[in-house]
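**Q** So here's entry08.cif, just mmCIF, C-alpha atoms and all ligand atoms:
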```
data_target
#
loop_
_atom_site.group_PDB
_atom_site.id
_atom_site.type_symbol
_atom_site.label_atom_id
_atom_site.label_comp_id
_atom_site.auth_asym_id
_atom_site.auth_seq_id
_atom_site.Cartn_x
_atom_site.Cartn_y
_atom_site.Cartn_z
ATOM 1 C CA MET A 1 -57.215 -86.521 45.398
ATOM 2 C CA LEU A 2 -56.120 -83.957 48.019
ATOM 3 C CA ASN A 3 -59.770 -83.181 48.741
ATOM 4 C CA ILE A 4 -60.500 -86.873 49.381
ATOM 5 C CA LEU A 5 -57.535 -87.062 51.742
ATOM 6 C CA LEU A 6 -58.502 -83.902 53.631
ATOM 7 C CA PHE A 7 -62.279 -84.145 53.742
ATOM 8 C CA VAL A 8 -62.858 -87.916 53.778
ATOM 9 C CA VAL A 9 -59.785 -89.831 54.955
ATOM 10 C CA PHE A 10 -58.582 -87.296 57.529
ATOM 11 C CA PRO A 11 -61.966 -86.938 59.313
ATOM 12 C CA TYR A 12 -62.345 -90.718 59.592
ATOM 13 C CA VAL A 13 -58.775 -91.166 60.846
ATOM 14 C CA ALA A 14 -59.222 -88.318 63.352
ATOM 15 C CA LEU A 15 -62.518 -89.746 64.605
ATOM 16 C CA ALA A 16 -61.000 -93.228 64.931
ATOM 17 C CA ILE A 17 -57.989 -91.918 66.877
ATOM 18 C CA GLY A 18 -60.238 -89.777 69.086
ATOM 19 C CA ILE A 19 -62.731 -92.529 69.895
ATOM 20 C CA VAL A 20 -60.373 -95.521 70.174
ATOM 21 C CA GLY A 21 -57.743 -93.474 72.022
ATOM 22 C CA THR A 22 -60.245 -92.108 74.518
ATOM 23 C CA ILE A 23 -61.714 -95.555 75.240
ATOM 24 C CA TYR A 24 -58.214 -97.015 75.589
ATOM 25 C CA ARG A 25 -57.166 -94.266 77.995
ATOM 26 C CA TYR A 26 -60.366 -94.776 79.980
ATOM 27 C CA LEU A 27 -59.775 -98.517 80.271
ATOM 28 C CA THR A 28 -56.105 -98.247 81.141
ATOM 29 C CA ASN A 29 -55.906 -95.013 83.120
ATOM 30 C CA GLN A 30 -59.344 -93.845 84.190
ATOM 31 C CA TYR A 31 -58.056 -91.472 86.869
ATOM 32 C CA SER A 32 -56.215 -89.455 84.248
ATOM 33 C CA PHE A 33 -59.549 -88.113 82.939
ATOM 34 C CA THR A 34 -59.015 -84.646 84.265
ATOM 35 C CA SER A 35 -58.344 -81.136 83.119
ATOM 36 C CA LEU A 36 -55.493 -81.112 85.671
ATOM 37 C CA SER A 37 -56.408 -77.861 87.367
ATOM 38 C CA SER A 38 -53.762 -75.234 87.959
ATOM 39 C CA GLN A 39 -56.243 -73.009 89.791
ATOM 40 C CA LEU A 40 -54.263 -73.151 93.043
ATOM 41 C CA LEU A 41 -51.251 -71.682 91.279
ATOM 42 C CA GLU A 42 -53.115 -68.721 89.800
ATOM 43 C CA ASN A 43 -56.800 -67.952 90.139
ATOM 44 C CA ASP A 44 -57.585 -64.403 88.967
ATOM 45 C CA TRP A 45 -56.947 -64.814 85.243
ATOM 46 C CA GLN A 46 -58.064 -68.444 85.494
ATOM 47 C CA PHE A 47 -61.512 -67.416 86.765
ATOM 48 C CA TRP A 48 -62.233 -64.958 83.962
ATOM 49 C CA GLY A 49 -60.561 -67.032 81.253
ATOM 50 C CA SER A 50 -62.247 -70.295 82.180
ATOM 51 C CA THR A 51 -65.671 -68.750 82.806
ATOM 52 C CA LEU A 52 -65.764 -66.791 79.536
ATOM 53 C CA TRP A 53 -64.365 -69.750 77.608
ATOM 54 C CA HIS A 54 -66.831 -72.320 78.908
ATOM 55 C CA TYR A 55 -69.935 -70.085 78.810
ATOM 56 C CA GLY A 56 -68.997 -69.164 75.235
ATOM 57 C CA ILE A 57 -67.902 -72.505 73.845
ATOM 58 C CA LEU A 58 -70.439 -74.875 75.412
ATOM 59 C CA PRO A 59 -73.524 -73.249 73.820
ATOM 60 C CA THR A 60 -71.538 -72.872 70.563
ATOM 61 C CA THR A 61 -70.809 -76.614 70.630
ATOM 62 C CA VAL A 62 -74.453 -77.475 71.331
ATOM 63 C CA ILE A 63 -75.531 -75.231 68.413
ATOM 64 C CA HIS A 64 -72.956 -76.902 66.106
ATOM 65 C CA LEU A 65 -74.180 -80.370 67.152
ATOM 66 C CA ALA A 66 -77.820 -79.358 66.642
ATOM 67 C CA GLY A 67 -76.891 -78.086 63.159
ATOM 68 C CA PHE A 68 -75.329 -81.465 62.349
ATOM 69 C CA THR A 69 -78.022 -83.702 63.876
ATOM 70 C CA VAL A 70 -81.381 -81.901 63.707
ATOM 71 C CA PRO A 71 -81.031 -79.597 60.666
ATOM 72 C CA LYS A 72 -84.783 -79.481 59.997
ATOM 73 C CA ILE A 73 -85.461 -78.130 63.484
ATOM 74 C CA MET A 74 -82.624 -75.630 63.129
ATOM 75 C CA ALA A 75 -83.958 -74.526 59.728
ATOM 76 C CA ALA A 76 -87.435 -74.082 61.219
ATOM 77 C CA LEU A 77 -85.983 -72.089 64.119
ATOM 78 C CA HIS A 78 -84.249 -69.718 61.707
ATOM 79 C CA SER A 79 -87.116 -69.382 59.265
ATOM 80 C CA THR A 80 -87.960 -65.756 60.026
ATOM 81 C CA PRO A 81 -85.595 -62.800 59.465
ATOM 82 C CA GLU A 82 -85.902 -61.876 63.158
ATOM 83 C CA MET A 83 -84.739 -65.315 64.336
ATOM 84 C CA LEU A 84 -81.955 -65.398 61.774
ATOM 85 C CA TYR A 85 -80.778 -62.006 63.001
ATOM 86 C CA LEU A 86 -80.967 -63.148 66.626
ATOM 87 C CA ALA A 87 -78.920 -66.281 65.817
ATOM 88 C CA GLU A 88 -76.360 -64.126 64.007
ATOM 89 C CA VAL A 89 -75.920 -61.799 66.990
ATOM 90 C CA ALA A 90 -76.010 -64.564 69.647
ATOM 91 C CA GLY A 91 -73.460 -66.718 67.751
ATOM 92 C CA LYS A 92 -71.059 -63.783 67.521
ATOM 93 C CA ILE A 93 -71.407 -62.841 71.191
ATOM 94 C CA LEU A 94 -70.768 -66.451 72.275
ATOM 95 C CA GLY A 95 -67.809 -66.715 69.884
ATOM 96 C CA ILE A 96 -66.260 -63.472 71.162
ATOM 97 C CA MET A 97 -66.706 -64.642 74.781
ATOM 98 C CA ALA A 98 -64.908 -67.885 73.904
ATOM 99 C CA LEU A 99 -62.100 -66.063 72.066
ATOM 100 C CA VAL A 100 -61.474 -63.631 74.918
ATOM 101 C CA GLY A 101 -61.641 -66.556 77.385
ATOM 102 C CA VAL A 102 -59.145 -68.752 75.572
ATOM 103 C CA GLY A 103 -56.974 -65.668 74.933
ATOM 104 C CA ILE A 104 -56.856 -65.021 78.687
ATOM 105 C CA LEU A 105 -56.040 -68.683 79.404
ATOM 106 C CA LEU A 106 -53.213 -68.581 76.873
ATOM 107 C CA TYR A 107 -51.865 -65.284 78.240
ATOM 108 C CA ARG A 108 -52.059 -66.648 81.798
ATOM 109 C CA ARG A 109 -49.854 -69.603 80.945
ATOM 110 C CA LEU A 110 -47.376 -67.371 79.132
ATOM 111 C CA ALA A 111 -47.287 -64.747 81.893
ATOM 112 C CA SER A 112 -47.123 -66.867 85.046
ATOM 113 C CA SER A 113 -43.878 -68.787 85.521
ATOM 114 C CA LYS A 114 -45.613 -71.101 88.015
ATOM 115 C CA VAL A 115 -48.327 -72.062 85.552
ATOM 116 C CA ARG A 116 -45.772 -72.270 82.732
ATOM 117 C CA THR A 117 -43.901 -74.913 84.713
ATOM 118 C CA VAL A 118 -46.921 -77.247 84.762
ATOM 119 C CA THR A 119 -47.702 -76.656 81.067
ATOM 120 C CA SER A 120 -46.749 -79.488 78.741
ATOM 121 C CA PRO A 121 -46.023 -79.137 75.005
ATOM 122 C CA VAL A 122 -49.395 -80.700 74.172
ATOM 123 C CA ASP A 123 -51.123 -78.098 76.400
ATOM 124 C CA TRP A 124 -49.566 -75.327 74.308
ATOM 125 C CA ILE A 125 -50.574 -77.050 71.073
ATOM 126 C CA VAL A 126 -54.187 -77.569 72.198
ATOM 127 C CA LEU A 127 -54.567 -74.025 73.554
ATOM 128 C CA ALA A 128 -53.125 -72.511 70.366
ATOM 129 C CA LEU A 129 -55.379 -74.719 68.211
ATOM 130 C CA LEU A 130 -58.460 -73.789 70.257
ATOM 131 C CA PHE A 131 -57.589 -70.110 69.896
ATOM 132 C CA GLY A 132 -57.164 -70.559 66.131
ATOM 133 C CA GLN A 133 -60.344 -72.606 65.869
ATOM 134 C CA VAL A 134 -62.479 -69.959 67.533
ATOM 135 C CA LEU A 135 -60.714 -67.166 65.621
ATOM 136 C CA PHE A 136 -61.491 -68.879 62.312
ATOM 137 C CA GLY A 137 -65.074 -69.552 63.491
ATOM 138 C CA LEU A 138 -65.440 -65.808 64.032
ATOM 139 C CA ILE A 139 -63.817 -65.065 60.662
ATOM 140 C CA LEU A 140 -66.593 -67.211 59.122
ATOM 141 C CA ALA A 141 -69.283 -65.571 61.237
ATOM 142 C CA PHE A 142 -68.168 -61.994 60.456
ATOM 143 C CA GLY A 143 -66.906 -62.559 56.920
ATOM 144 C CA TYR A 144 -69.709 -64.738 55.578
ATOM 145 C CA ARG A 145 -72.980 -63.622 57.102
ATOM 146 C CA TRP A 146 -76.120 -65.654 57.783
ATOM 147 C CA GLY A 147 -74.073 -68.709 58.758
ATOM 148 C CA ALA A 148 -77.073 -70.208 60.555
ATOM 149 C CA ALA A 149 -78.558 -70.670 57.073
ATOM 150 C CA TRP A 150 -75.581 -71.702 54.912
ATOM 151 C CA PHE A 151 -74.197 -74.008 57.646
ATOM 152 C CA LEU A 152 -77.162 -76.335 57.003
ATOM 153 C CA HIS A 153 -76.404 -76.590 53.283
ATOM 154 C CA THR A 154 -72.627 -77.105 53.511
ATOM 155 C CA ALA A 155 -71.256 -78.433 56.815
ATOM 156 C CA THR A 156 -74.392 -80.411 57.671
ATOM 157 C CA PRO A 157 -74.676 -82.550 54.493
ATOM 158 C CA TRP A 158 -70.892 -83.133 54.567
ATOM 159 C CA MET A 159 -71.079 -84.344 58.182
ATOM 160 C CA ALA A 160 -74.186 -86.435 57.408
ATOM 161 C CA SER A 161 -72.413 -87.997 54.432
ATOM 162 C CA LEU A 162 -69.483 -88.993 56.656
ATOM 163 C CA ALA A 163 -71.809 -90.358 59.353
ATOM 164 C CA THR A 164 -73.674 -92.526 56.833
ATOM 165 C CA PHE A 165 -70.427 -93.755 55.226
ATOM 166 C CA GLN A 166 -71.387 -92.185 51.913
ATOM 167 C CA PRO A 167 -68.769 -89.423 51.915
ATOM 168 C CA ALA A 168 -69.668 -86.370 49.842
ATOM 169 C CA PRO A 169 -66.733 -83.944 50.199
ATOM 170 C CA GLN A 170 -68.117 -81.798 47.358
ATOM 171 C CA TYR A 171 -70.306 -79.993 49.899
ATOM 172 C CA VAL A 172 -67.230 -78.315 51.367
ATOM 173 C CA THR A 173 -64.407 -78.493 48.828
ATOM 174 C CA ALA A 174 -65.546 -75.385 46.951
ATOM 175 C CA LEU A 175 -65.737 -73.275 50.121
ATOM 176 C CA PRO A 176 -63.096 -70.595 50.859
ATOM 177 C CA LEU A 177 -59.880 -71.482 52.691
ATOM 178 C CA ALA A 178 -61.056 -70.103 56.064
ATOM 179 C CA HIS A 179 -63.919 -72.606 56.110
ATOM 180 C CA LYS A 180 -61.626 -75.499 55.279
ATOM 181 C CA VAL A 181 -59.135 -74.533 57.987
ATOM 182 C CA HIS A 182 -61.969 -74.314 60.543
ATOM 183 C CA PHE A 183 -63.399 -77.704 59.604
ATOM 184 C CA LEU A 184 -60.044 -79.510 59.512
ATOM 185 C CA THR A 185 -58.841 -78.053 62.819
ATOM 186 C CA GLY A 186 -62.133 -79.221 64.356
ATOM 187 C CA PHE A 187 -61.240 -82.811 63.454
ATOM 188 C CA LEU A 188 -57.611 -82.345 64.481
ATOM 189 C CA LEU A 189 -58.767 -81.263 67.947
ATOM 190 C CA PHE A 190 -60.926 -84.372 68.146
ATOM 191 C CA ALA A 191 -57.882 -86.547 67.334
ATOM 192 C CA LEU A 192 -55.866 -84.831 70.062
ATOM 193 C CA MET A 193 -58.493 -85.490 72.715
ATOM 194 C CA PRO A 194 -57.041 -88.714 74.171
ATOM 195 C CA PHE A 195 -53.532 -87.210 74.341
ATOM 196 C CA SER A 196 -54.487 -84.048 76.177
ATOM 197 C CA ARG A 197 -56.579 -82.460 78.921
ATOM 198 C CA LEU A 198 -59.433 -82.362 76.413
ATOM 199 C CA VAL A 199 -60.430 -85.849 77.627
ATOM 200 C CA HIS A 200 -62.174 -84.173 80.549
ATOM 201 C CA ILE A 201 -64.969 -83.271 78.071
ATOM 202 C CA VAL A 202 -66.333 -86.826 78.051
ATOM 203 C CA THR A 203 -66.665 -86.959 81.819
ATOM 204 C CA PHE A 204 -69.671 -84.611 81.575
ATOM 205 C CA PRO A 205 -69.564 -83.083 85.064
ATOM 206 C CA THR A 206 -73.227 -82.112 84.790
ATOM 207 C CA SER A 207 -73.673 -81.933 88.572
ATOM 208 C CA TYR A 208 -71.349 -78.893 88.545
ATOM 209 C CA ALA A 209 -74.355 -76.875 87.406
ATOM 210 C CA TRP A 210 -76.226 -77.297 90.678
ATOM 211 C CA ARG A 211 -73.764 -78.569 93.277
ATOM 212 C CA ARG A 212 -72.414 -76.209 95.940
ATOM 213 C CA PHE A 213 -69.103 -74.484 95.309
ATOM 214 C CA GLN A 214 -66.128 -76.424 96.492
ATOM 215 C CA LEU A 215 -63.601 -74.304 98.347
ATOM 216 C CA VAL A 216 -60.024 -75.432 97.863
ATOM 217 C CA ILE A 217 -57.527 -73.897 100.295
ATOM 218 C CA TRP A 218 -53.912 -74.315 101.306
ATOM 219 C CA THR A 219 -53.614 -76.207 104.597
ATOM 220 C CA ARG A 220 -49.949 -75.295 105.060
ATOM 221 C CA ARG A 221 -49.370 -72.973 107.993
ATOM 222 C CA LYS A 222 -47.972 -69.559 107.197
ATOM 223 C CA ALA A 223 -44.300 -69.185 108.113
ATOM 224 C CA ALA A 224 -43.853 -67.518 111.519
ATOM 225 C CA GLN A 225 -43.413 -63.749 111.137
HETATM 226 C C1 LIG B 1 -65.543 -80.071 61.870
HETATM 227 C C2 LIG B 1 -66.230 -79.485 62.787
HETATM 228 C C3 LIG B 1 -66.807 -78.090 62.628
HETATM 229 C C4 LIG B 1 -67.574 -77.577 61.617
HETATM 230 C C5 LIG B 1 -68.053 -78.291 60.369
HETATM 231 C C6 LIG B 1 -67.844 -76.197 61.969
HETATM 232 C C7 LIG B 1 -68.579 -75.303 61.200
HETATM 233 C C8 LIG B 1 -68.771 -73.973 61.486
HETATM 234 C C9 LIG B 1 -69.461 -73.034 60.650
HETATM 235 C C10 LIG B 1 -70.058 -73.378 59.292
HETATM 236 C C11 LIG B 1 -69.457 -71.824 61.287
HETATM 237 C C12 LIG B 1 -70.079 -70.512 60.804
HETATM 238 C C13 LIG B 1 -71.467 -70.416 61.389
HETATM 239 C C14 LIG B 1 -71.990 -69.014 61.496
HETATM 240 O O1 LIG B 1 -71.402 -68.077 60.996
HETATM 241 O O2 LIG B 1 -73.057 -68.879 62.113
HETATM 242 C C15 LIG B 1 -68.777 -71.998 62.534
HETATM 243 C C16 LIG B 1 -68.598 -71.000 63.468
HETATM 244 C C17 LIG B 1 -67.934 -71.162 64.665
HETATM 245 N N1 LIG B 1 -67.344 -72.314 65.124
HETATM 246 FE FE1 LIG B 1 -67.306 -74.093 64.155
HETATM 247 N N2 LIG B 1 -67.254 -75.900 63.171
HETATM 248 C C18 LIG B 1 -66.607 -77.038 63.613
HETATM 249 C C19 LIG B 1 -65.910 -77.200 64.785
HETATM 250 C C20 LIG B 1 -65.745 -76.224 65.751
HETATM 251 C C21 LIG B 1 -65.049 -76.390 66.992
HETATM 252 C C22 LIG B 1 -64.367 -77.707 67.435
HETATM 253 C C23 LIG B 1 -65.113 -75.198 67.663
HETATM 254 C C24 LIG B 1 -64.530 -74.774 68.985
HETATM 255 C C25 LIG B 1 -63.637 -75.419 69.686
HETATM 256 C C26 LIG B 1 -65.851 -74.272 66.822
HETATM 257 C C27 LIG B 1 -66.129 -72.960 67.157
HETATM 258 C C28 LIG B 1 -66.804 -72.061 66.365
HETATM 259 C C29 LIG B 1 -67.054 -70.679 66.724
HETATM 260 C C30 LIG B 1 -66.639 -69.996 68.044
HETATM 261 C C31 LIG B 1 -67.758 -70.112 65.666
HETATM 262 C C32 LIG B 1 -68.240 -68.652 65.558
HETATM 263 C C33 LIG B 1 -69.500 -68.406 66.311
HETATM 264 C C34 LIG B 1 -70.739 -68.710 65.559
HETATM 265 O O3 LIG B 1 -71.142 -67.887 64.752
HETATM 266 O O4 LIG B 1 -71.346 -69.783 65.767
HETATM 267 N N3 LIG B 1 -66.225 -74.934 65.677
HETATM 268 N N4 LIG B 1 -68.363 -73.314 62.644
#
```
Once more with this new file: its structure as C-alpha cells, please.
**A**
Amino acid sequence: MLNILLFVVFPYVALAIGIVGTIYRYLTNQYSFTSLSSQLLENDWQFWGSTLWHYGILPTTVIHLAGFTVPKIMAALHSTPEMLYLAEVAGKILGIMALVGVGILLYRRLASSKVRTVTSPVDWIVLALLFGQVLFGLILAFGYRWGAAWFLHTATPWMASLATFQPAPQYVTALPLAHKVHFLTGFLLFALMPFSRLVHIVTFPTSYAWRRFQLVIWTRRKAAQ
C-alpha cells in the first residue's frame, strides 16, 4: 500500500500540481516567471555557483530525459565497455560540478546578509532539496556503479509505466533507500516548481547561449568624497 502511495499516487499528484500550477501561474502572473536575480547584491560567489550548477545540471537533466524517452538509443550508446566507462566518468564529473555549484549558492545565501534578506522560506527549501537531490544522485553513481546500464532497467520502465497510465511500481520498490529518496525528491521538486523560482526553467532562455553579454550596472552616483 505504501509503495502504491509513494511510487504511483505521489508522482501523479506531483506532476498534476507542477503542470496545472505552472500553467495557472503563467496565465495569471506571467511576469513572475523569473529566477529573481540577486546578482547585483553579490556576484563573486554567484558567478561560480551558478556557472558550475547550470553546466553540471543541464547536461545531467538532458541525460536523464534521454534515459526516460529514448532508452534504446541510450542502450546502444552504452553498448561497449569503453562508452559505459566514459558515461560513468562524465556523469560523475557533471554531478560533482552541480553539487559544488549548488553548495556555493547555498553558502552564498547563508553568508551574505544582503542576499539572506531577499531569500524566502521556499528558496531555502528548494536550494536544500536540490543539494540533497544531487548528493543522493552522486551516492547512486558512486555507490552503485554502471548506472547508465541499470537506469534503463529500473527508472526507465517505471517512468514509462507512469506515462502510459499502466503504473508498475515494482520496477523501483525493491531498490535501496537511496534510490527511492532520489526518485521521490525528483517529483517533489517538480511539484514545487510553480511555487518557487524553479518556474524560470520553462521559459527556456535558449538565446542566452549566443546573445551578447548584458552588463548590468548601478546608475546611482557615488557619494561625494
Ligand atoms: C524522478 C526523477 C529521477 C529519477 C528516476 C532519477 C534517476 C537517477 C538514477 C537512476 C541515477 C544514477 C545514474 C548513474 O549512476 O549513472 C541518477 C543520478 C543522478 N541524478 Fe537523478 N533522477 C531523477 C531526478 C533527478 C533530478 C530532478 C536531479 C537534479 C536536480 C537529478 C540529479 C542527478 C545527479 C546529479 C546524478 C548523479 C550523476 C550521474 O551519474 O548521472 N536527478 N538519477
**Q** What does the distance from atom CA of His78 of chain A to atom CA of Gln170 of chain A come to in Å, to one decimal?
**A**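 Here the two named atoms are 24.7 Å from each other.
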**Q** With all atoms listed in the file counted, collect every polymer residue having an atom within 8 Å of ligand LIG 1 (chain B); state the result as a PDB file with C-alpha atoms, in the coordinates of the input.
**A**
```
ATOM      1  CA  GLY A  56     -68.997 -69.164  75.235  1.00  0.00           C
ATOM      2  CA  ILE A  57     -67.902 -72.505  73.845  1.00  0.00           C
ATOM      3  CA  THR A  60     -71.538 -72.872  70.563  1.00  0.00           C
ATOM      4  CA  THR A  61     -70.809 -76.614  70.630  1.00  0.00           C
ATOM      5  CA  ILE A  63     -75.531 -75.231  68.413  1.00  0.00           C
ATOM      6  CA  HIS A  64     -72.956 -76.902  66.106  1.00  0.00           C
ATOM      7  CA  ALA A  87     -78.920 -66.281  65.817  1.00  0.00           C
ATOM      8  CA  GLU A  88     -76.360 -64.126  64.007  1.00  0.00           C
ATOM      9  CA  ALA A  90     -76.010 -64.564  69.647  1.00  0.00           C
ATOM     10  CA  GLY A  91     -73.460 -66.718  67.751  1.00  0.00           C
ATOM     11  CA  LYS A  92     -71.059 -63.783  67.521  1.00  0.00           C
ATOM     12  CA  ILE A  93     -71.407 -62.841  71.191  1.00  0.00           C
ATOM     13  CA  LEU A  94     -70.768 -66.451  72.275  1.00  0.00           C
ATOM     14  CA  GLY A  95     -67.809 -66.715  69.884  1.00  0.00           C
ATOM     15  CA  ILE A  96     -66.260 -63.472  71.162  1.00  0.00           C
ATOM     16  CA  ALA A  98     -64.908 -67.885  73.904  1.00  0.00           C
ATOM     17  CA  LEU A  99     -62.100 -66.063  72.066  1.00  0.00           C
ATOM     18  CA  LEU A 130     -58.460 -73.789  70.257  1.00  0.00           C
ATOM     19  CA  GLN A 133     -60.344 -72.606  65.869  1.00  0.00           C
ATOM     20  CA  VAL A 134     -62.479 -69.959  67.533  1.00  0.00           C
ATOM     21  CA  LEU A 135     -60.714 -67.166  65.621  1.00  0.00           C
ATOM     22  CA  PHE A 136     -61.491 -68.879  62.312  1.00  0.00           C
ATOM     23  CA  GLY A 137     -65.074 -69.552  63.491  1.00  0.00           C
ATOM     24  CA  LEU A 138     -65.440 -65.808  64.032  1.00  0.00           C
ATOM     25  CA  ILE A 139     -63.817 -65.065  60.662  1.00  0.00           C
ATOM     26  CA  LEU A 140     -66.593 -67.211  59.122  1.00  0.00           C
ATOM     27  CA  ALA A 141     -69.283 -65.571  61.237  1.00  0.00           C
ATOM     28  CA  PHE A 142     -68.168 -61.994  60.456  1.00  0.00           C
ATOM     29  CA  TYR A 144     -69.709 -64.738  55.578  1.00  0.00           C
ATOM     30  CA  ARG A 145     -72.980 -63.622  57.102  1.00  0.00           C
ATOM     31  CA  TRP A 146     -76.120 -65.654  57.783  1.00  0.00           C
ATOM     32  CA  GLY A 147     -74.073 -68.709  58.758  1.00  0.00           C
ATOM     33  CA  ALA A 148     -77.073 -70.208  60.555  1.00  0.00           C
ATOM     34  CA  ALA A 149     -78.558 -70.670  57.073  1.00  0.00           C
ATOM     35  CA  TRP A 150     -75.581 -71.702  54.912  1.00  0.00           C
ATOM     36  CA  PHE A 151     -74.197 -74.008  57.646  1.00  0.00           C
ATOM     37  CA  THR A 154     -72.627 -77.105  53.511  1.00  0.00           C
ATOM     38  CA  ALA A 155     -71.256 -78.433  56.815  1.00  0.00           C
ATOM     39  CA  THR A 156     -74.392 -80.411  57.671  1.00  0.00           C
ATOM     40  CA  MET A 159     -71.079 -84.344  58.182  1.00  0.00           C
ATOM     41  CA  HIS A 179     -63.919 -72.606  56.110  1.00  0.00           C
ATOM     42  CA  HIS A 182     -61.969 -74.314  60.543  1.00  0.00           C
ATOM     43  CA  PHE A 183     -63.399 -77.704  59.604  1.00  0.00           C
ATOM     44  CA  LEU A 184     -60.044 -79.510  59.512  1.00  0.00           C
ATOM     45  CA  THR A 185     -58.841 -78.053  62.819  1.00  0.00           C
ATOM     46  CA  GLY A 186     -62.133 -79.221  64.356  1.00  0.00           C
ATOM     47  CA  PHE A 187     -61.240 -82.811  63.454  1.00  0.00           C
ATOM     48  CA  LEU A 189     -58.767 -81.263  67.947  1.00  0.00           C
ATOM     49  CA  PHE A 190     -60.926 -84.372  68.146  1.00  0.00           C
TER      50      PHE A 190
END
```
**Q** As a list of chain:residue names, please: the residues near Leu52 of chain A (cut-off 8 Å, all atoms listed in the file, same-chain neighbours under 6 positions excluded).
**A**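 After dropping sequence-adjacent residues, the list is A:Met97, A:Ala98, A:Val100, A:Gly101, A:Val102.
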**Q** Which distance in Å separates atom CA of Tyr55 of chain A and atom CA of Val20 of chain A, to one decimal?
**A**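 These two atoms are separated by 28.5 Å.
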**Q** For a test of reading the model, state the distance in Å between atom CA of Gly132 of chain A and atom CA of Trp53 of chain A, rounded to one decimal.
**A**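 According to the coordinates, atom CA of Gly132 of chain A and atom CA of Trp53 of chain A are separated by 13.6 Å.
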**Q** Show me, as a ChimeraX atom specification, the residues that have an atom within 7 Å of segment 26-37 of chain A when counting only C-alpha atoms, minus same-chain residues fewer than 4 positions from it.
**A** /A:22,197-200
